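Raw contents of final39.cif, mmCIF, C-alpha atoms and all ligand atoms:
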```
data_protein
loop_
_atom_site.label_atom_id
_atom_site.label_comp_id
_atom_site.auth_asym_id
_atom_site.auth_seq_id
_atom_site.Cartn_x
_atom_site.Cartn_y
_atom_site.Cartn_z
CA MET A 1 0.00 0.00 0.00
CA GLN A 2 1.27 3.47 -0.84
CA THR A 3 1.58 5.65 2.26
CA THR A 4 3.34 8.73 0.91
CA PHE A 5 2.56 10.88 -2.12
CA TYR A 6 5.17 13.17 -3.59
CA GLN A 7 3.16 15.82 -5.48
CA THR A 8 3.60 18.40 -2.71
CA ASP A 9 4.78 21.22 -4.96
CA ARG A 10 1.81 21.35 -7.34
CA ILE A 11 -1.95 21.42 -7.31
CA SER A 12 -3.68 18.18 -8.24
CA THR A 13 -7.24 18.01 -9.49
CA PHE A 14 -9.74 15.20 -9.25
CA LEU A 15 -13.03 15.17 -11.14
CA ALA A 16 -15.69 12.52 -11.44
CA SER A 17 -19.34 12.12 -12.33
CA LYS A 18 -21.67 13.49 -9.65
CA LYS A 19 -23.04 10.04 -9.00
CA VAL A 20 -22.25 6.42 -9.87
CA LEU A 21 -24.67 3.50 -9.71
CA LEU A 22 -22.70 0.24 -9.82
CA GLY A 23 -24.04 -3.29 -9.88
CA TYR A 24 -26.14 -5.89 -11.67
CA GLY A 25 -29.55 -4.32 -12.28
CA ALA A 26 -28.33 -0.73 -11.88
CA VAL A 27 -29.80 0.18 -15.27
CA GLN A 28 -33.28 -0.52 -13.92
CA HIS A 29 -32.90 2.65 -11.85
CA VAL A 30 -32.28 4.94 -14.82
CA GLY A 31 -35.89 6.17 -14.72
CA GLU A 32 -35.60 7.29 -11.10
CA GLU A 33 -32.34 9.05 -11.87
CA ALA A 34 -33.87 10.79 -14.88
CA ARG A 35 -36.76 11.98 -12.69
CA LYS A 36 -34.38 13.31 -10.04
CA LEU A 37 -32.67 15.33 -12.77
CA GLY A 38 -36.04 16.85 -13.68
CA ALA A 39 -36.10 15.36 -17.16
CA SER A 40 -39.19 15.62 -19.32
CA LYS A 41 -37.83 14.96 -22.81
CA ILE A 42 -35.06 12.40 -23.20
CA MET A 43 -32.79 11.48 -26.07
CA VAL A 44 -30.84 8.22 -25.93
CA VAL A 45 -27.61 8.51 -27.94
CA THR A 46 -26.22 5.19 -29.12
CA ASP A 47 -25.15 3.19 -32.17
CA ALA A 48 -26.96 0.73 -34.40
CA GLY A 49 -25.15 -2.25 -32.85
CA VAL A 50 -26.56 -1.51 -29.40
CA VAL A 51 -30.07 -1.18 -30.86
CA ASN A 52 -29.73 -4.44 -32.81
CA ALA A 53 -28.47 -6.26 -29.72
CA GLY A 54 -31.68 -5.32 -27.90
CA ILE A 55 -29.79 -3.46 -25.17
CA ILE A 56 -31.75 -0.29 -25.91
CA GLU A 57 -34.91 -1.81 -24.35
CA MET A 58 -33.04 -2.31 -21.09
CA VAL A 59 -32.85 1.47 -20.85
CA GLN A 60 -36.15 2.49 -22.43
CA LYS A 61 -38.31 0.18 -20.25
CA PRO A 62 -37.25 1.69 -16.90
CA LEU A 63 -37.67 5.18 -18.41
CA GLU A 64 -41.21 4.28 -19.47
CA ALA A 65 -41.92 2.80 -16.05
CA ALA A 66 -41.04 6.21 -14.61
CA GLY A 67 -43.51 7.84 -17.03
CA LEU A 68 -40.82 9.16 -19.35
CA THR A 69 -40.66 8.72 -23.09
CA SER A 70 -37.44 8.80 -25.03
CA THR A 71 -36.26 9.24 -28.59
CA VAL A 72 -33.31 7.27 -29.93
CA PHE A 73 -30.42 8.69 -31.95
CA ASP A 74 -28.56 5.60 -33.17
CA GLU A 75 -26.22 7.04 -35.79
CA VAL A 76 -23.06 7.17 -33.68
CA LEU A 77 -19.94 6.01 -35.56
CA PRO A 78 -16.57 4.85 -34.20
CA GLU A 79 -14.05 7.67 -33.63
CA PRO A 80 -17.12 9.94 -33.97
CA PRO A 81 -16.91 12.41 -36.86
CA ALA A 82 -17.78 16.03 -36.02
CA ARG A 83 -20.67 15.98 -38.53
CA ILE A 84 -22.44 13.16 -36.64
CA ILE A 85 -22.01 14.96 -33.31
CA ASP A 86 -23.29 18.20 -34.83
CA ALA A 87 -26.30 16.40 -36.36
CA CYS A 88 -27.13 14.85 -32.98
CA ALA A 89 -26.74 18.22 -31.24
CA GLN A 90 -29.04 19.90 -33.77
CA MET A 91 -31.74 17.29 -33.06
CA VAL A 92 -31.35 17.95 -29.34
CA ARG A 93 -31.71 21.71 -29.86
CA ASP A 94 -34.66 21.41 -32.29
CA GLY A 95 -36.50 18.94 -30.07
CA GLY A 96 -35.89 20.76 -26.80
CA TYR A 97 -34.52 17.66 -25.09
CA ASP A 98 -33.51 18.20 -21.48
CA LEU A 99 -31.70 14.93 -20.73
CA ILE A 100 -29.21 13.00 -22.85
CA VAL A 101 -28.65 9.34 -22.03
CA GLY A 102 -25.45 8.01 -23.61
CA LEU A 103 -25.50 4.23 -24.10
CA GLY A 104 -22.66 2.20 -25.63
CA GLY A 105 -18.89 2.23 -26.00
CA GLY A 106 -16.65 5.27 -25.83
CA SER A 107 -17.88 6.74 -29.11
CA SER A 108 -21.53 6.77 -28.00
CA LEU A 109 -20.69 8.19 -24.60
CA ASP A 110 -18.48 10.88 -26.12
CA THR A 111 -21.14 11.83 -28.66
CA ALA A 112 -23.72 12.03 -25.87
CA LYS A 113 -21.45 14.24 -23.76
CA ALA A 114 -20.88 16.60 -26.68
CA ALA A 115 -24.57 16.69 -27.66
CA GLY A 116 -25.51 17.60 -24.09
CA ALA A 117 -23.03 20.46 -24.07
CA LEU A 118 -23.93 21.72 -27.57
CA ALA A 119 -27.62 21.80 -26.61
CA VAL A 120 -26.98 25.22 -25.06
CA ASN A 121 -23.77 26.26 -26.82
CA PRO A 122 -24.16 27.30 -30.50
CA GLY A 123 -22.14 26.15 -33.49
CA SER A 124 -20.14 23.01 -34.18
CA VAL A 125 -18.27 20.78 -31.75
CA LEU A 126 -15.16 21.83 -33.70
CA ASP A 127 -15.61 25.34 -32.27
CA TYR A 128 -14.87 23.98 -28.79
CA VAL A 129 -11.79 21.85 -29.43
CA GLY A 130 -9.17 22.54 -26.78
CA LEU A 131 -9.03 23.28 -23.08
CA ASP A 132 -12.08 24.77 -21.35
CA ILE A 133 -13.49 26.58 -24.40
CA LEU A 134 -17.13 25.63 -23.72
CA PRO A 135 -18.66 28.70 -22.04
CA ARG A 136 -21.78 27.14 -20.50
CA ARG A 137 -22.89 23.93 -18.80
CA GLY A 138 -25.18 21.90 -21.08
CA VAL A 139 -28.30 19.84 -20.35
CA SER A 140 -28.12 16.89 -17.94
CA THR A 141 -26.46 13.65 -19.01
CA ILE A 142 -26.55 10.06 -17.80
CA LEU A 143 -23.87 7.77 -19.25
CA ILE A 144 -24.24 3.99 -19.44
CA PRO A 145 -21.21 2.08 -20.78
CA THR A 146 -21.78 -1.25 -22.54
CA THR A 147 -18.07 -2.12 -22.68
CA ALA A 148 -15.43 -2.18 -19.95
CA GLY A 149 -12.82 0.02 -21.57
CA THR A 150 -12.77 3.73 -22.25
CA GLY A 151 -13.98 4.97 -18.88
CA SER A 152 -15.51 7.90 -20.79
CA GLU A 153 -18.27 8.08 -18.16
CA ALA A 154 -15.62 9.23 -15.67
CA THR A 155 -13.84 11.89 -17.72
CA ARG A 156 -14.17 15.50 -18.88
CA VAL A 157 -12.80 14.51 -22.27
CA MET A 158 -14.45 13.85 -25.62
CA VAL A 159 -12.57 12.68 -28.69
CA LEU A 160 -13.79 13.33 -32.21
CA THR A 161 -12.56 13.04 -35.79
CA ASP A 162 -12.18 16.13 -37.93
CA GLU A 163 -12.84 14.56 -41.32
CA ALA A 164 -11.57 17.60 -43.20
CA SER A 165 -8.03 16.93 -41.98
CA ASN A 166 -8.56 13.27 -40.94
CA THR A 167 -7.22 14.10 -37.48
CA LYS A 168 -8.29 13.41 -33.95
CA LYS A 169 -9.42 16.43 -31.96
CA VAL A 170 -10.18 16.62 -28.26
CA VAL A 171 -12.58 18.76 -26.25
CA PHE A 172 -11.69 19.14 -22.56
CA SER A 173 -14.29 20.71 -20.29
CA ASP A 174 -15.63 20.19 -16.79
CA TYR A 175 -19.07 20.56 -18.41
CA LEU A 176 -18.61 17.19 -20.13
CA LEU A 177 -18.77 15.26 -16.85
CA PRO A 178 -22.07 13.44 -16.53
CA ASP A 179 -24.66 13.93 -13.81
CA ALA A 180 -24.75 10.17 -13.33
CA ALA A 181 -22.85 7.11 -14.56
CA VAL A 182 -24.72 3.82 -14.51
CA LEU A 183 -22.36 0.83 -14.40
CA ASP A 184 -24.43 -2.28 -14.95
CA PRO A 185 -22.30 -5.33 -15.84
CA THR A 186 -25.43 -7.05 -17.25
CA LEU A 187 -24.93 -4.92 -20.35
CA THR A 188 -21.41 -6.28 -20.87
CA LEU A 189 -22.19 -10.01 -20.54
CA THR A 190 -22.66 -10.46 -24.29
CA VAL A 191 -19.63 -8.47 -25.47
CA PRO A 192 -17.68 -10.84 -27.79
CA PRO A 193 -14.20 -12.03 -26.70
CA HIS A 194 -12.14 -9.91 -29.12
CA VAL A 195 -13.97 -6.72 -28.08
CA THR A 196 -13.61 -7.72 -24.42
CA ALA A 197 -9.87 -8.07 -25.03
CA ASP A 198 -9.44 -4.78 -26.92
CA THR A 199 -11.49 -2.67 -24.54
CA GLY A 200 -10.01 -4.30 -21.44
CA MET A 201 -6.50 -3.62 -22.71
CA ASP A 202 -7.46 0.02 -23.32
CA ALA A 203 -8.45 0.27 -19.65
CA LEU A 204 -5.11 -1.30 -18.66
CA VAL A 205 -3.22 1.21 -20.81
CA HIS A 206 -5.11 4.07 -19.14
CA ALA A 207 -4.16 2.76 -15.72
CA ILE A 208 -0.49 2.06 -16.52
CA GLU A 209 0.08 5.30 -18.43
CA THR A 210 -1.41 7.49 -15.74
CA TYR A 211 0.31 5.60 -12.91
CA VAL A 212 3.77 6.36 -14.35
CA SER A 213 2.85 9.76 -15.80
CA ALA A 214 5.06 12.72 -14.96
CA ILE A 215 1.91 14.69 -14.10
CA THR A 216 0.19 11.96 -12.10
CA THR A 217 -1.80 12.85 -9.00
CA PRO A 218 -2.40 11.07 -5.67
CA TYR A 219 -5.91 10.19 -6.88
CA ALA A 220 -4.62 8.79 -10.16
CA GLU A 221 -1.97 6.69 -8.43
CA VAL A 222 -4.40 5.10 -5.98
CA LEU A 223 -7.06 4.32 -8.56
CA ALA A 224 -4.64 3.20 -11.27
CA LEU A 225 -2.71 0.64 -9.26
CA GLN A 226 -5.95 -0.86 -7.97
CA ALA A 227 -7.32 -1.04 -11.53
CA ILE A 228 -4.12 -2.68 -12.86
CA ALA A 229 -4.44 -5.48 -10.32
CA MET A 230 -8.13 -6.00 -11.10
CA ILE A 231 -7.60 -6.09 -14.88
CA ALA A 232 -4.67 -8.52 -14.66
CA ARG A 233 -6.84 -10.88 -12.65
CA HIS A 234 -10.20 -10.52 -14.37
CA LEU A 235 -9.61 -9.69 -18.05
CA PRO A 236 -8.53 -13.26 -18.94
CA GLN A 237 -11.63 -14.59 -17.16
CA ALA A 238 -13.99 -12.20 -18.95
CA TYR A 239 -12.32 -13.13 -22.25
CA ALA A 240 -12.50 -16.86 -21.53
CA LYS A 241 -16.13 -16.88 -20.45
CA GLY A 242 -18.23 -13.84 -21.24
CA SER A 243 -20.95 -14.85 -18.80
CA ASN A 244 -18.55 -14.78 -15.82
CA ARG A 245 -20.44 -12.26 -13.68
CA LEU A 246 -17.63 -11.69 -11.20
CA ALA A 247 -15.12 -10.96 -13.96
CA ARG A 248 -17.52 -8.64 -15.82
CA TYR A 249 -18.34 -6.72 -12.63
CA ASN A 250 -14.70 -6.21 -11.75
CA MET A 251 -13.73 -5.26 -15.31
CA LEU A 252 -16.48 -2.63 -15.55
CA LEU A 253 -15.42 -1.16 -12.21
CA ALA A 254 -11.72 -1.28 -13.19
CA ALA A 255 -12.41 0.54 -16.47
CA ASN A 256 -14.29 3.25 -14.55
CA LEU A 257 -11.45 3.60 -12.00
CA SER A 258 -8.91 3.79 -14.85
CA GLY A 259 -10.98 6.49 -16.54
CA ALA A 260 -11.15 8.57 -13.37
CA ALA A 261 -7.42 7.99 -12.90
CA PHE A 262 -6.25 9.19 -16.31
CA ALA A 263 -8.67 12.11 -16.24
CA SER A 264 -6.72 13.24 -13.17
CA GLY A 265 -3.19 12.12 -14.04
CA GLY A 266 -2.80 12.23 -17.83
CA LEU A 267 -1.84 9.62 -20.44
CA GLY A 268 1.43 9.06 -22.32
CA ALA A 269 3.31 7.74 -25.33
CA VAL A 270 1.28 4.54 -25.74
CA HIS A 271 -1.78 6.54 -26.75
CA GLY A 272 0.50 8.88 -28.71
CA LEU A 273 2.08 6.13 -30.82
CA ALA A 274 -1.08 4.02 -31.14
CA TYR A 275 -3.22 6.74 -32.64
CA VAL A 276 -1.81 6.47 -36.16
CA LEU A 277 -2.60 2.73 -36.19
CA GLY A 278 -6.27 3.60 -35.73
CA THR A 279 -6.41 6.15 -38.52
CA GLU A 280 -4.19 4.33 -41.04
CA TYR A 281 -5.28 0.71 -40.53
CA HIS A 282 -8.72 1.16 -38.92
CA MET A 283 -7.66 -0.75 -35.85
CA ALA A 284 -9.89 -0.57 -32.78
CA HIS A 285 -8.60 1.98 -30.27
CA GLY A 286 -7.94 -0.63 -27.59
CA ARG A 287 -6.19 -2.99 -30.00
CA SER A 288 -3.77 -0.34 -31.26
CA ASN A 289 -2.98 0.69 -27.68
CA ALA A 290 -2.44 -2.93 -26.62
CA ILE A 291 0.06 -3.54 -29.44
CA MET A 292 2.17 -0.52 -28.49
CA LEU A 293 1.95 -1.03 -24.72
CA PRO A 294 4.79 -3.53 -24.10
CA HIS A 295 7.16 -1.73 -26.48
CA VAL A 296 6.59 1.67 -24.89
CA MET A 297 6.85 0.16 -21.40
CA LYS A 298 10.17 -1.46 -22.25
CA TYR A 299 11.46 1.87 -23.49
CA ASN A 300 10.07 3.75 -20.46
CA LEU A 301 11.33 1.44 -17.70
CA ILE A 302 14.41 3.45 -16.72
CA GLY A 303 12.21 6.53 -16.29
CA ASN A 304 10.59 5.04 -13.20
CA LEU A 305 11.92 1.62 -12.21
CA GLU A 306 10.17 1.70 -8.85
CA LYS A 307 6.72 2.21 -10.32
CA TYR A 308 7.14 -0.38 -13.05
CA GLY A 309 8.19 -2.79 -10.31
CA LYS A 310 4.97 -2.01 -8.47
CA ILE A 311 2.99 -2.60 -11.66
CA ALA A 312 4.64 -6.02 -11.96
CA ALA A 313 3.73 -6.84 -8.37
CA ALA A 314 0.14 -5.63 -8.87
CA MET A 315 -0.11 -7.96 -11.86
CA GLY A 316 0.91 -10.93 -9.70
CA GLU A 317 4.61 -11.17 -10.54
CA PRO A 318 6.87 -12.31 -7.68
CA THR A 319 9.24 -9.33 -7.38
CA ALA A 320 10.32 -9.40 -3.73
CA ASP A 321 13.75 -10.92 -4.37
CA LEU A 322 14.54 -9.01 -7.55
CA ASN A 323 16.64 -5.88 -8.00
CA PRO A 324 14.72 -2.78 -9.18
CA TYR A 325 15.60 -3.26 -12.83
CA GLU A 326 14.59 -6.92 -12.86
CA ALA A 327 11.36 -6.12 -11.01
CA ALA A 328 10.49 -3.39 -13.52
CA GLU A 329 11.17 -5.74 -16.45
CA ARG A 330 8.68 -8.20 -14.98
CA SER A 331 5.92 -5.66 -15.71
CA VAL A 332 6.59 -6.03 -19.44
CA ALA A 333 6.58 -9.82 -19.11
CA ALA A 334 3.26 -9.66 -17.25
CA VAL A 335 1.68 -7.50 -19.96
CA LEU A 336 2.94 -9.83 -22.72
CA ALA A 337 1.52 -12.85 -20.86
CA LEU A 338 -1.84 -11.08 -20.45
CA MET A 339 -1.91 -10.18 -24.14
CA ALA A 340 -1.12 -13.78 -25.10
CA ALA A 341 -3.97 -14.94 -22.86
CA VAL A 342 -6.47 -12.67 -24.63
CA GLY A 343 -5.16 -13.37 -28.13
CA ILE A 344 -3.45 -10.08 -29.02
CA SER A 345 -0.06 -10.27 -30.72
CA PRO A 346 2.40 -7.47 -29.84
CA LYS A 347 3.77 -7.59 -33.40
CA LEU A 348 2.52 -5.10 -35.99
CA PRO A 349 2.81 -7.47 -39.02
CA ASP A 350 0.30 -9.78 -37.30
CA HIS A 351 -2.17 -6.90 -37.56
CA GLY A 352 -1.57 -6.18 -41.24
CA VAL A 353 1.02 -3.41 -40.86
CA PRO A 354 3.88 -3.94 -43.34
CA ALA A 355 7.48 -3.10 -42.33
CA GLU A 356 7.85 -0.60 -45.18
CA ASP A 357 5.25 1.61 -43.46
CA LEU A 358 7.69 2.49 -40.66
CA PRO A 359 8.29 6.09 -41.89
CA LYS A 360 4.53 6.69 -42.03
CA LEU A 361 4.18 5.48 -38.44
CA VAL A 362 7.00 7.72 -37.24
CA THR A 363 5.37 10.76 -38.85
CA GLY A 364 2.00 9.83 -37.36
CA GLY A 365 3.50 9.20 -33.94
CA LEU A 366 5.32 12.53 -33.88
CA ALA A 367 2.06 14.30 -34.73
CA GLN A 368 0.79 13.26 -31.28
CA ALA A 369 3.89 14.54 -29.48
CA ARG A 370 1.73 16.41 -26.93
CA LEU A 371 1.20 12.96 -25.34
CA PHE A 372 4.97 12.57 -24.90
CA VAL A 373 5.02 15.40 -22.35
CA PRO A 374 3.62 13.35 -19.43
CA ASN A 375 5.50 10.22 -20.57
CA PRO A 376 8.10 9.12 -17.96
CA ARG A 377 10.89 9.12 -20.57
CA ASP A 378 11.45 11.72 -23.29
CA LEU A 379 11.26 10.63 -26.94
CA THR A 380 13.19 12.00 -29.89
CA GLU A 381 12.29 11.16 -33.48
CA LYS A 382 14.94 8.43 -33.37
CA ASP A 383 13.42 6.99 -30.18
CA VAL A 384 9.96 6.94 -31.76
CA GLU A 385 11.41 5.03 -34.69
CA THR A 386 13.13 2.55 -32.34
CA VAL A 387 9.92 1.85 -30.42
CA TYR A 388 7.97 1.21 -33.63
CA ARG A 389 10.82 -0.91 -34.99
CA ASN A 390 10.61 -3.11 -31.90
CA ALA A 391 6.95 -3.70 -32.72
CA PHE A 392 7.86 -5.29 -36.09
FE FE B 401 -7.75 4.92 -24.51
#
```
Give the structure from this file in structure tokens form.
Ligand SMILES: [Fe+2]
Amino acid sequence: MQTTFYQTDRISTFLASKKVLLGYGAVQHVGEEARKLGASKIMVVTDAGVVNAGIIEMVQKPLEAAGLTSTVFDEVLPEPPARIIDACAQMVRDGGYDLIVGLGGGSSLDTAKAAGALAVNPGSVLDYVGLDILPRRGVSTILIPTTAGTGSEATRVMVLTDEASNTKKVVFSDYLLPDAAVLDPTLTLTVPPHVTADTGMDALVHAIETYVSAITTPYAEVLALQAIAMIARHLPQAYAKGSNRLARYNMLLAANLSGAAFASGGLGAVHGLAYVLGTEYHMAHGRSNAIMLPHVMKYNLIGNLEKYGKIAAAMGEPTADLNPYEAAERSVAAVLALMAAVGISPKLPDHGVPAEDLPKLVTGGLAQARLFVPNPRDLTEKDVETVYRNAF
């Protein structure tokens, strides 16, 4: 257990949703929560997959039971394009909706957050890219994740795609935090194994990156190390048997803790170097992060041997008799073993990335250099190339 925190010379912040409901059956209380927020007209923001899977009824029924009707916007796309967010926001404005319920993976939750904010702020979501540009708090939001991964329900961040430049843009605002997060593992029981693996690894990357971040906070450290231990133990179980209720519960909680952690303590070079894999090869966000994780960790180790040693221990590695360097290296071994268990190769060619694309990756990685700032070891262009090379 950590008993001393070292951030005494700077101000740390911690933000979270106002309320969290966690547990099997939590979604049945969404109607009560909507009533408490004074909602009269509700829009559920989701994607077609969630509607087709029948999960939408699990939200609409309790709303109806509370005497509330809802309209569904189901056009959310992965890495949500600004035009979809703007279209959703325009429907919210035109219809006078006063509560947005986000239901789905990170893209649905992010779109819901943005639509809630844009309900009272004019223009396009692109007008608010950056830090604290949104001038006013939006309408109320309730966020209900259906995957254990992004932790979007715990953050003040929304990520979108600017199709004009094919780049990722980010809106940061306290106004994007939801009024309530509903964490019901029932909704995750049918997530297929490969999605369980990708999203679970994304949560692990959030926890590891923020734990070793140069701008971490006491809150991030506590939550992240706890989440790392939970994911190491329960992700293989959730992957092996989707109906494992204990594993699903702990993974959904761990993803939420990881989200709250990185919202407080920042991310790092794994997200920075993985991004280009998503845009160039249409890899799922979690998959691209998983591939880069062991290579970035290996590179980063000397930046914080003690913390990587603690990560190894949290993941179940016996480190007591090892020197600091050996203990830190065990964290990479633990991550590689976890990835093998959930069927994710750490080698780029296994994911359709040819070796001759290395220069393209380096350029794409350097474009996200803002994420190198909190990374525990600095990266030059040559270092970026070395890390990618190790992934081939
Ligand atoms: Fe992520």
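Between atom CA of A:Leu68 and atom CA of A:Ala180 there is a distance of 17.2 Å.
The two atoms in question, atom CA of A:Ala65 and atom CA of A:Leu246, are spaced 28.7 Å apart.
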- So, counting all atoms listed in the file, which residue among A:Lys347, A:Arg330, A:His295, A:Arg136 is closest to A:Thr386? A:His295
Protein and nucleic residues near ligand FE 401 (chain B), 8 Å, all atoms listed in the file, as an mmCIF file with C-alpha atoms, in the frame of the given file:
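Printed below is selection_5.cif as written:
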```cif
data_model
loop_
_atom_site.group_PDB
_atom_site.id
_atom_site.type_symbol
_atom_site.label_atom_id
_atom_site.label_comp_id
_atom_site.auth_asym_id
_atom_site.auth_seq_id
_atom_site.Cartn_x
_atom_site.Cartn_y
_atom_site.Cartn_z
ATOM 1 C CA GLY A 149 -12.820 0.020 -21.570
ATOM 2 C CA THR A 150 -12.770 3.730 -22.250
ATOM 3 C CA ASP A 202 -7.460 0.020 -23.320
ATOM 4 C CA ALA A 203 -8.450 0.270 -19.650
ATOM 5 C CA VAL A 205 -3.220 1.210 -20.810
ATOM 6 C CA HIS A 206 -5.110 4.070 -19.140
ATOM 7 C CA HIS A 271 -1.780 6.540 -26.750
ATOM 8 C CA HIS A 285 -8.600 1.980 -30.270
ATOM 9 C CA GLY A 286 -7.940 -0.630 -27.590
ATOM 10 C CA ASN A 289 -2.980 0.690 -27.680
#
```
Excluding stretch 359-366 of chain A and any residue of its chain fewer than 4 positions from it, enumerate the residues within 8 Å of it, using only C-alpha atoms, and give them as a compact mmCIF listing (two decimals) with C-alpha atoms, in the frame of the given file.
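See part-v1.txt below for the written result:
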```txt
# COMPACT_ATOMS: atom_id res chain seq x y z
CA GLY A 272 0.50 8.88 -28.71
CA LEU A 273 2.08 6.13 -30.82
CA ALA A 274 -1.08 4.02 -31.14
CA TYR A 275 -3.22 6.74 -32.64
CA VAL A 276 -1.81 6.47 -36.16
CA LEU A 277 -2.60 2.73 -36.19
CA GLU A 381 12.29 11.16 -33.48
CA VAL A 384 9.96 6.94 -31.76
CA GLU A 385 11.41 5.03 -34.69
CA TYR A 388 7.97 1.21 -33.63
```
